[in-house]
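Engineer: Pasting work20.txt here (compact mmCIF, C-alpha atoms and all ligand atoms):
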# COMPACT_ATOMS: atom_id res chain seq x y z
CA MET D 110 27.59 -55.93 162.24
CA ARG D 111 30.52 -54.95 160.04
CA VAL D 112 33.91 -55.23 161.72
CA LYS D 113 37.03 -53.50 160.40
CA HIS D 114 39.58 -55.91 158.99
CA LYS D 115 42.41 -56.55 161.45
CA LYS D 116 45.92 -57.41 160.25
CA TRP D 117 46.32 -60.31 162.68
CA ALA D 118 43.17 -62.12 161.47
CA ASP D 119 44.57 -63.87 158.38
CA PRO D 120 47.81 -65.10 160.03
CA LEU D 121 45.82 -66.44 163.02
CA ILE D 122 43.42 -68.34 160.74
CA ALA D 123 46.34 -69.69 158.70
CA ALA D 124 48.12 -70.84 161.88
CA HIS D 125 45.20 -72.96 163.11
CA PRO D 126 43.99 -75.31 160.38
CA GLU D 127 43.22 -77.87 163.12
CA LEU D 128 40.38 -75.68 164.37
CA MET D 129 39.38 -73.19 161.65
CA ILE D 130 38.87 -74.28 158.06
CA ASP D 131 39.26 -71.70 155.33
CA ASP D 132 38.29 -73.93 152.41
CA ALA D 133 35.37 -75.94 153.76
CA THR D 134 34.75 -77.69 150.42
CA GLN D 135 37.62 -80.09 151.14
CA PHE D 136 35.70 -81.69 154.02
CA LYS D 137 32.36 -82.11 152.28
CA GLY D 138 30.96 -85.46 153.45
CA LYS D 139 33.93 -85.97 155.78
CA TRP D 140 33.23 -83.63 158.69
CA GLN D 141 33.07 -86.43 161.25
CA SER D 142 36.78 -87.08 160.62
CA ARG D 143 37.52 -83.63 162.09
CA PHE D 144 36.20 -84.58 165.52
CA ALA D 145 37.39 -86.86 168.33
CA LYS D 146 34.13 -88.85 168.23
CA GLU D 147 31.50 -89.57 165.61
CA GLN D 148 28.27 -88.00 166.91
CA PRO D 149 25.41 -85.79 165.62
CA LEU D 150 26.57 -82.66 163.80
CA HIS D 151 25.05 -79.24 164.58
CA LEU D 152 25.82 -76.12 162.53
CA GLU D 153 25.45 -72.41 163.31
CA VAL D 154 25.41 -70.04 160.33
CA GLY D 155 26.61 -66.53 161.22
CA MET D 156 28.25 -67.43 164.55
CA GLY D 157 29.67 -63.92 165.02
CA LYS D 158 32.32 -63.90 167.75
CA GLY D 159 31.46 -67.47 168.73
CA GLN D 160 29.96 -67.16 172.22
CA PHE D 161 26.94 -69.39 171.43
CA ILE D 162 28.71 -72.18 169.56
CA ILE D 163 31.53 -72.37 172.14
CA GLY D 164 28.96 -72.37 174.98
CA MET D 165 26.97 -75.13 173.25
CA ALA D 166 30.09 -77.24 172.65
CA LYS D 167 30.96 -76.96 176.35
CA ALA D 168 27.42 -77.80 177.48
CA HIS D 169 26.92 -80.70 175.03
CA PRO D 170 30.00 -82.90 174.67
CA GLU D 171 27.73 -85.54 173.06
CA ILE D 172 27.26 -83.35 169.97
CA ASN D 173 29.75 -82.14 167.36
CA PHE D 174 29.40 -78.43 166.57
CA ILE D 175 30.49 -76.32 163.63
CA GLY D 176 30.36 -72.51 163.66
CA LEU D 177 30.40 -70.69 160.32
CA GLU D 178 31.15 -66.99 159.84
CA ILE D 179 31.65 -64.97 156.67
CA GLN D 180 33.67 -62.02 158.01
CA ARG D 181 37.32 -63.00 158.45
CA THR D 182 38.09 -60.72 161.37
CA VAL D 183 34.93 -61.80 163.22
CA ALA D 184 35.75 -65.45 162.50
CA ALA D 185 39.28 -64.86 163.82
CA ILE D 186 37.89 -63.40 167.06
CA ALA D 187 35.79 -66.58 167.49
CA LEU D 188 38.89 -68.65 166.75
CA LYS D 189 40.85 -66.81 169.44
CA LYS D 190 38.14 -67.60 172.01
CA ALA D 191 37.86 -71.25 170.91
CA LEU D 192 41.63 -71.71 171.22
CA GLU D 193 41.35 -70.89 174.93
CA GLU D 194 38.89 -73.77 175.42
CA ASP D 195 40.38 -76.77 173.57
CA LEU D 196 37.05 -78.47 172.79
CA PRO D 197 37.26 -81.80 170.90
CA ASN D 198 33.67 -81.36 169.62
CA LEU D 199 34.09 -77.93 167.99
CA GLN D 200 35.21 -76.87 164.51
CA LEU D 201 34.98 -73.45 162.89
CA ILE D 202 34.63 -72.41 159.27
CA CYS D 203 35.39 -69.07 157.68
CA GLY D 204 32.92 -69.20 154.79
CA ASP D 205 29.60 -68.16 153.30
CA GLY D 206 26.20 -69.53 154.33
CA GLU D 207 25.19 -69.26 150.67
CA ASP D 208 27.65 -72.06 149.83
CA LEU D 209 26.45 -74.70 152.29
CA GLN D 210 25.83 -77.26 149.54
CA GLU D 211 29.49 -76.99 148.60
CA TYR D 212 30.57 -77.53 152.21
CA PHE D 213 28.21 -80.33 153.32
CA GLU D 214 26.95 -83.56 151.78
CA ASP D 215 23.19 -84.11 151.62
CA GLY D 216 21.94 -85.10 155.08
CA GLU D 217 25.30 -84.54 156.80
CA VAL D 218 23.93 -82.08 159.38
CA ALA D 219 21.41 -82.96 162.13
CA LYS D 220 20.47 -79.46 163.30
CA MET D 221 21.07 -75.82 162.39
CA TYR D 222 21.06 -72.58 164.37
CA LEU D 223 20.39 -69.09 163.04
CA ASN D 224 21.03 -66.55 165.78
CA PHE D 225 20.32 -62.84 165.35
CA SER D 226 20.85 -63.05 161.62
CA ASP D 227 21.09 -59.76 159.74
CA PRO D 228 17.45 -58.64 159.29
CA TRP D 229 17.82 -56.95 155.87
CA PRO D 230 14.72 -54.80 156.56
CA LYS D 231 14.33 -53.37 153.04
CA LYS D 232 11.84 -55.32 150.96
CA ARG D 233 14.16 -55.40 147.95
CA HIS D 234 16.75 -57.21 150.13
CA ALA D 235 14.36 -59.99 151.25
CA LYS D 236 16.31 -62.60 149.24
CA ARG D 237 19.34 -61.96 151.46
CA ARG D 238 17.52 -62.95 154.67
CA LEU D 239 18.81 -66.32 155.87
CA THR D 240 15.25 -67.68 156.04
CA TYR D 241 14.35 -66.77 152.44
CA LYS D 242 13.01 -69.82 150.57
CA THR D 243 16.22 -70.38 148.57
CA PHE D 244 18.20 -70.64 151.83
CA LEU D 245 15.56 -73.00 153.28
CA ALA D 246 15.96 -75.26 150.23
CA THR D 247 19.71 -75.41 150.88
CA TYR D 248 19.21 -76.16 154.57
CA GLN D 249 16.74 -78.94 153.70
CA GLN D 250 19.33 -80.54 151.45
CA ILE D 251 22.23 -80.61 153.93
CA LEU D 252 19.99 -81.53 156.88
CA GLN D 253 18.97 -85.11 157.70
CA ASP D 254 15.34 -86.07 157.12
CA GLN D 255 13.14 -84.09 159.50
CA GLY D 256 16.14 -81.89 160.24
CA THR D 257 15.62 -79.04 162.67
CA ILE D 258 16.29 -75.32 162.58
CA GLU D 259 16.41 -73.22 165.74
CA LEU D 260 16.22 -69.46 165.27
CA LYS D 261 16.55 -66.62 167.77
CA THR D 262 16.26 -62.90 167.07
CA ASP D 263 15.35 -59.58 168.65
CA ASN D 264 13.96 -58.37 165.33
CA MET D 265 10.17 -58.67 165.01
CA GLY D 266 10.29 -58.06 161.24
CA LEU D 267 12.75 -60.89 160.63
CA PHE D 268 10.84 -63.15 163.02
CA GLU D 269 7.52 -62.58 161.21
CA PHE D 270 9.19 -63.05 157.85
CA SER D 271 10.81 -66.30 159.02
CA LEU D 272 7.56 -67.71 160.42
CA GLU D 273 5.79 -66.96 157.14
CA SER D 274 8.62 -68.20 154.93
CA MET D 275 9.05 -71.47 156.87
CA ASN D 276 5.30 -72.04 157.03
CA ASN D 277 4.93 -71.44 153.28
CA TYR D 278 7.80 -73.86 152.70
CA GLY D 279 5.79 -76.54 154.56
CA MET D 280 7.92 -76.69 157.70
CA ILE D 281 6.38 -77.85 160.97
CA PHE D 282 6.82 -75.73 164.09
CA ASP D 283 7.85 -77.46 167.32
CA GLY D 284 7.70 -74.23 169.30
CA VAL D 285 7.37 -70.46 169.02
CA TRP D 286 8.33 -68.10 171.87
CA LEU D 287 7.68 -64.35 171.87
CA ASP D 288 9.62 -63.74 175.09
CA LEU D 289 12.20 -66.49 175.43
CA HIS D 290 13.85 -65.13 178.56
CA HIS D 291 10.59 -65.27 180.53
CA SER D 292 9.65 -68.77 179.41
CA GLU D 293 10.49 -72.33 180.48
CA GLU D 294 12.43 -72.71 177.23
CA ASN D 295 15.05 -70.38 178.75
CA GLU D 296 16.15 -72.99 181.29
CA HIS D 297 18.89 -74.45 179.09
CA ASN D 298 19.32 -71.42 176.85
CA VAL D 299 22.87 -70.55 175.78
CA GLU D 300 23.05 -66.84 175.04
CA THR D 301 24.73 -65.24 172.04
CA GLU D 302 26.60 -61.91 172.17
CA TYR D 303 23.74 -60.06 170.49
CA GLU D 304 21.19 -61.75 172.73
CA GLN D 305 23.00 -60.55 175.86
CA LYS D 306 23.17 -57.02 174.51
CA PHE D 307 19.50 -56.80 173.52
CA ALA D 308 18.19 -58.60 176.60
CA ALA D 309 20.16 -56.18 178.83
CA LYS D 310 18.19 -53.34 177.19
CA GLY D 311 14.95 -55.13 178.12
CA GLN D 312 14.10 -56.19 174.57
CA PRO D 313 12.17 -59.46 174.20
CA ILE D 314 13.96 -62.32 172.45
CA TYR D 315 11.96 -64.34 169.90
CA LYS D 316 12.65 -68.01 169.26
CA LEU D 317 11.30 -70.69 166.99
CA ILE D 318 12.09 -74.35 166.40
CA ALA D 319 10.96 -75.80 163.07
CA ASN D 320 11.40 -79.11 161.22
CA PHE D 321 11.38 -80.08 157.61
CA LYS D 322 8.78 -82.80 157.01
C1 LIG I 1 24.05 -59.72 163.70
S1 LIG I 1 25.41 -60.79 163.76
C2 LIG I 1 24.97 -62.00 165.00
C3 LIG I 1 26.15 -62.76 165.51
C4 LIG I 1 25.84 -63.90 166.51
N1 LIG I 1 25.07 -64.96 165.89
C5 LIG I 1 25.13 -63.38 167.74
O1 LIG I 1 23.94 -63.68 167.89
O2 LIG I 1 25.76 -62.71 168.56
C6 LIG I 1 25.18 -61.73 162.25
C7 LIG I 1 26.44 -62.45 161.83
O3 LIG I 1 26.17 -63.27 160.70
C8 LIG I 1 27.24 -63.18 159.79
N2 LIG I 1 26.73 -63.52 158.45
C9 LIG I 1 25.88 -62.81 157.71
N3 LIG I 1 25.65 -63.41 156.52
C10 LIG I 1 26.38 -64.57 156.54
C11 LIG I 1 26.57 -65.61 155.62
N4 LIG I 1 25.98 -65.60 154.41
N5 LIG I 1 27.38 -66.64 155.94
C12 LIG I 1 28.01 -66.65 157.16
N6 LIG I 1 27.87 -65.68 158.08
C13 LIG I 1 27.06 -64.65 157.79
C14 LIG I 1 27.69 -61.74 159.92
O4 LIG I 1 28.99 -61.52 159.43
C15 LIG I 1 27.57 -61.50 161.42
O5 LIG I 1 28.76 -61.85 162.10
What is this structure when it is put down as structure tokens?
Ligand SMILES: C[S@@+](CC[C@H](N)C(=O)[O-])C[C@H]1O[C@@H](n2cnc3c(N)ncnc32)[C@H](O)[C@@H]1O
Structural biologist:
Amino acid sequence: MRVKHKKWADPLIAAHPELMIDDATQFKGKWQSRFAKEQPLHLEVGMGKGQFIIGMAKAHPEINFIGLEIQRTVAAIALKKALEEDLPNLQLICGDGEDLQEYFEDGEVAKMYLNFSDPWPKKRHAKRRLTYKTFLATYQQILQDQGTIELKTDNMGLFEFSLESMNNYGMIFDGVWLDLHHSEENEHNVETEYEQKFAAKGQPIYKLIANFK
């Protein structure tokens, strides 16, 4: 999803440093200070327009959530939505998932979410997939011991790649679902924008939960 840059995006981000951080490196190791309460920290990489991370923050006040998005206009759309909610357990970052080690101290994050990440279907682009082994190494570093990754996608190719990549990395699977919306796992599911769109077309949603050893 590439969104055209909107003129209002930068001023909106600049006007709300209390909710959206533009230079996430300044809070490395100090993220808990950004929240009302010290509690486990969950991170979504590629939050898009923010529906999932805002929904999760509403449903789980006992967890602190951070949503990260690389495209400024998309991040600004998420910011707009989050401003309507006033959630003390939500922070947003406009930044790059490739730089997580610069944003987070080792073991600072308890859980990560990858939702409908760009599939990069061409073989020569495999290194750009967010479950490529170099990304997994970064996630392992910022996650606590036995940290968890939850992934959802409509894309069979990315799902297969992720299963293989995580398995080869030595991760342990807690669950794999080939049709999330027709499973018990769906009971507490919070949908993303992409998920809603694909599910409405009748496409199955794939999900996995995996832990680092
Ligand atoms: C296909 S969209 C899915 C958005 C949302 N997660 C959903 O399910 O509706 C993927 C999003 O990931 C973002 N993204 C891709 N690579 C990223 C990276 N390296 N760091 C942060 N965000 C990234 C894209 O800009 C895009 O908004």
Engineer: With a distance cut-off of 8 Å and all atoms listed in the file, select the neighbouring residues of D:Ser226, excluding the residue or stretch itself and same-chain residues fewer than 6 positions from it, and output the selection as a ChimeraX atom specification.
Structural biologist: /D:155,238-239,262
Engineer: Excluding D:Pro126 and any residue of its chain fewer than 6 positions from it, enumerate the residues within 10 Å of it, using all atoms listed in the file, and give them as an mmCIF file with C-alpha atoms, keeping the file's coordinate frame.
Structural biologist:
data_model
loop_
_atom_site.group_PDB
_atom_site.id
_atom_site.type_symbol
_atom_site.label_atom_id
_atom_site.label_comp_id
_atom_site.auth_asym_id
_atom_site.auth_seq_id
_atom_site.Cartn_x
_atom_site.Cartn_y
_atom_site.Cartn_z
ATOM 1 C CA ASP D 132 38.290 -73.930 152.410
ATOM 2 C CA GLN D 200 35.210 -76.870 164.510
ATOM 3 C CA LEU D 201 34.980 -73.450 162.890
ATOM 4 C CA ILE D 202 34.630 -72.410 159.270
#
Engineer: What's the 9 Å shell around D:Lys316, counting all atoms listed in the file, without same-chain residues fewer than 5 positions away, as a list of chain:residue names?
Structural biologist: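 Surrounding residues, per the criterion: D:Glu259, D:Leu260, D:Lys261, D:Thr262, D:Asp263, D:Phe268, D:Gly284, D:Val285, D:Trp286, D:Leu287, D:Asp288, D:Leu289.
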Engineer: Residues at most 7 Å from stretch 168-181 of chain D, counting all atoms listed in the file, excluding those fewer than 3 positions away in the same chain, as a list in words?
Structural biologist: Ala118, Gln148, Pro149, Leu150, His151, Leu152, Glu153, Val154, Gly155, Met156, Gly157, Ile162, Gly164, Met165, Ala184, Ala185, Asn198, Leu199, Gln200, Leu201, Ile202, Cys203, Gly204 and Asp205 of chain D
Engineer: Quick one, how far is atom CA of D:Ile318 from atom CA of D:Ile163?
Structural biologist: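 Separating atom CA of D:Ile318 from atom CA of D:Ile163 is a distance of 20.4 Å.
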Engineer: Would you please work out which residue, of D:Phe161, D:Phe321, D:Phe282, D:Phe213, is nearest to ligand LIG 1 (chain I) when using all atoms listed in the file?
Structural biologist: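 Under the stated criterion, the closest residue is D:Phe161.
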Engineer: Excluding same-chain residues fewer than 4 positions from D:Asp195, what lies within 12 Å of it counting all atoms listed in the file, as an MDAnalysis selection string?
Structural biologist: chainID D and resid 127:128 144:145 163 166:167 188:191 199:200
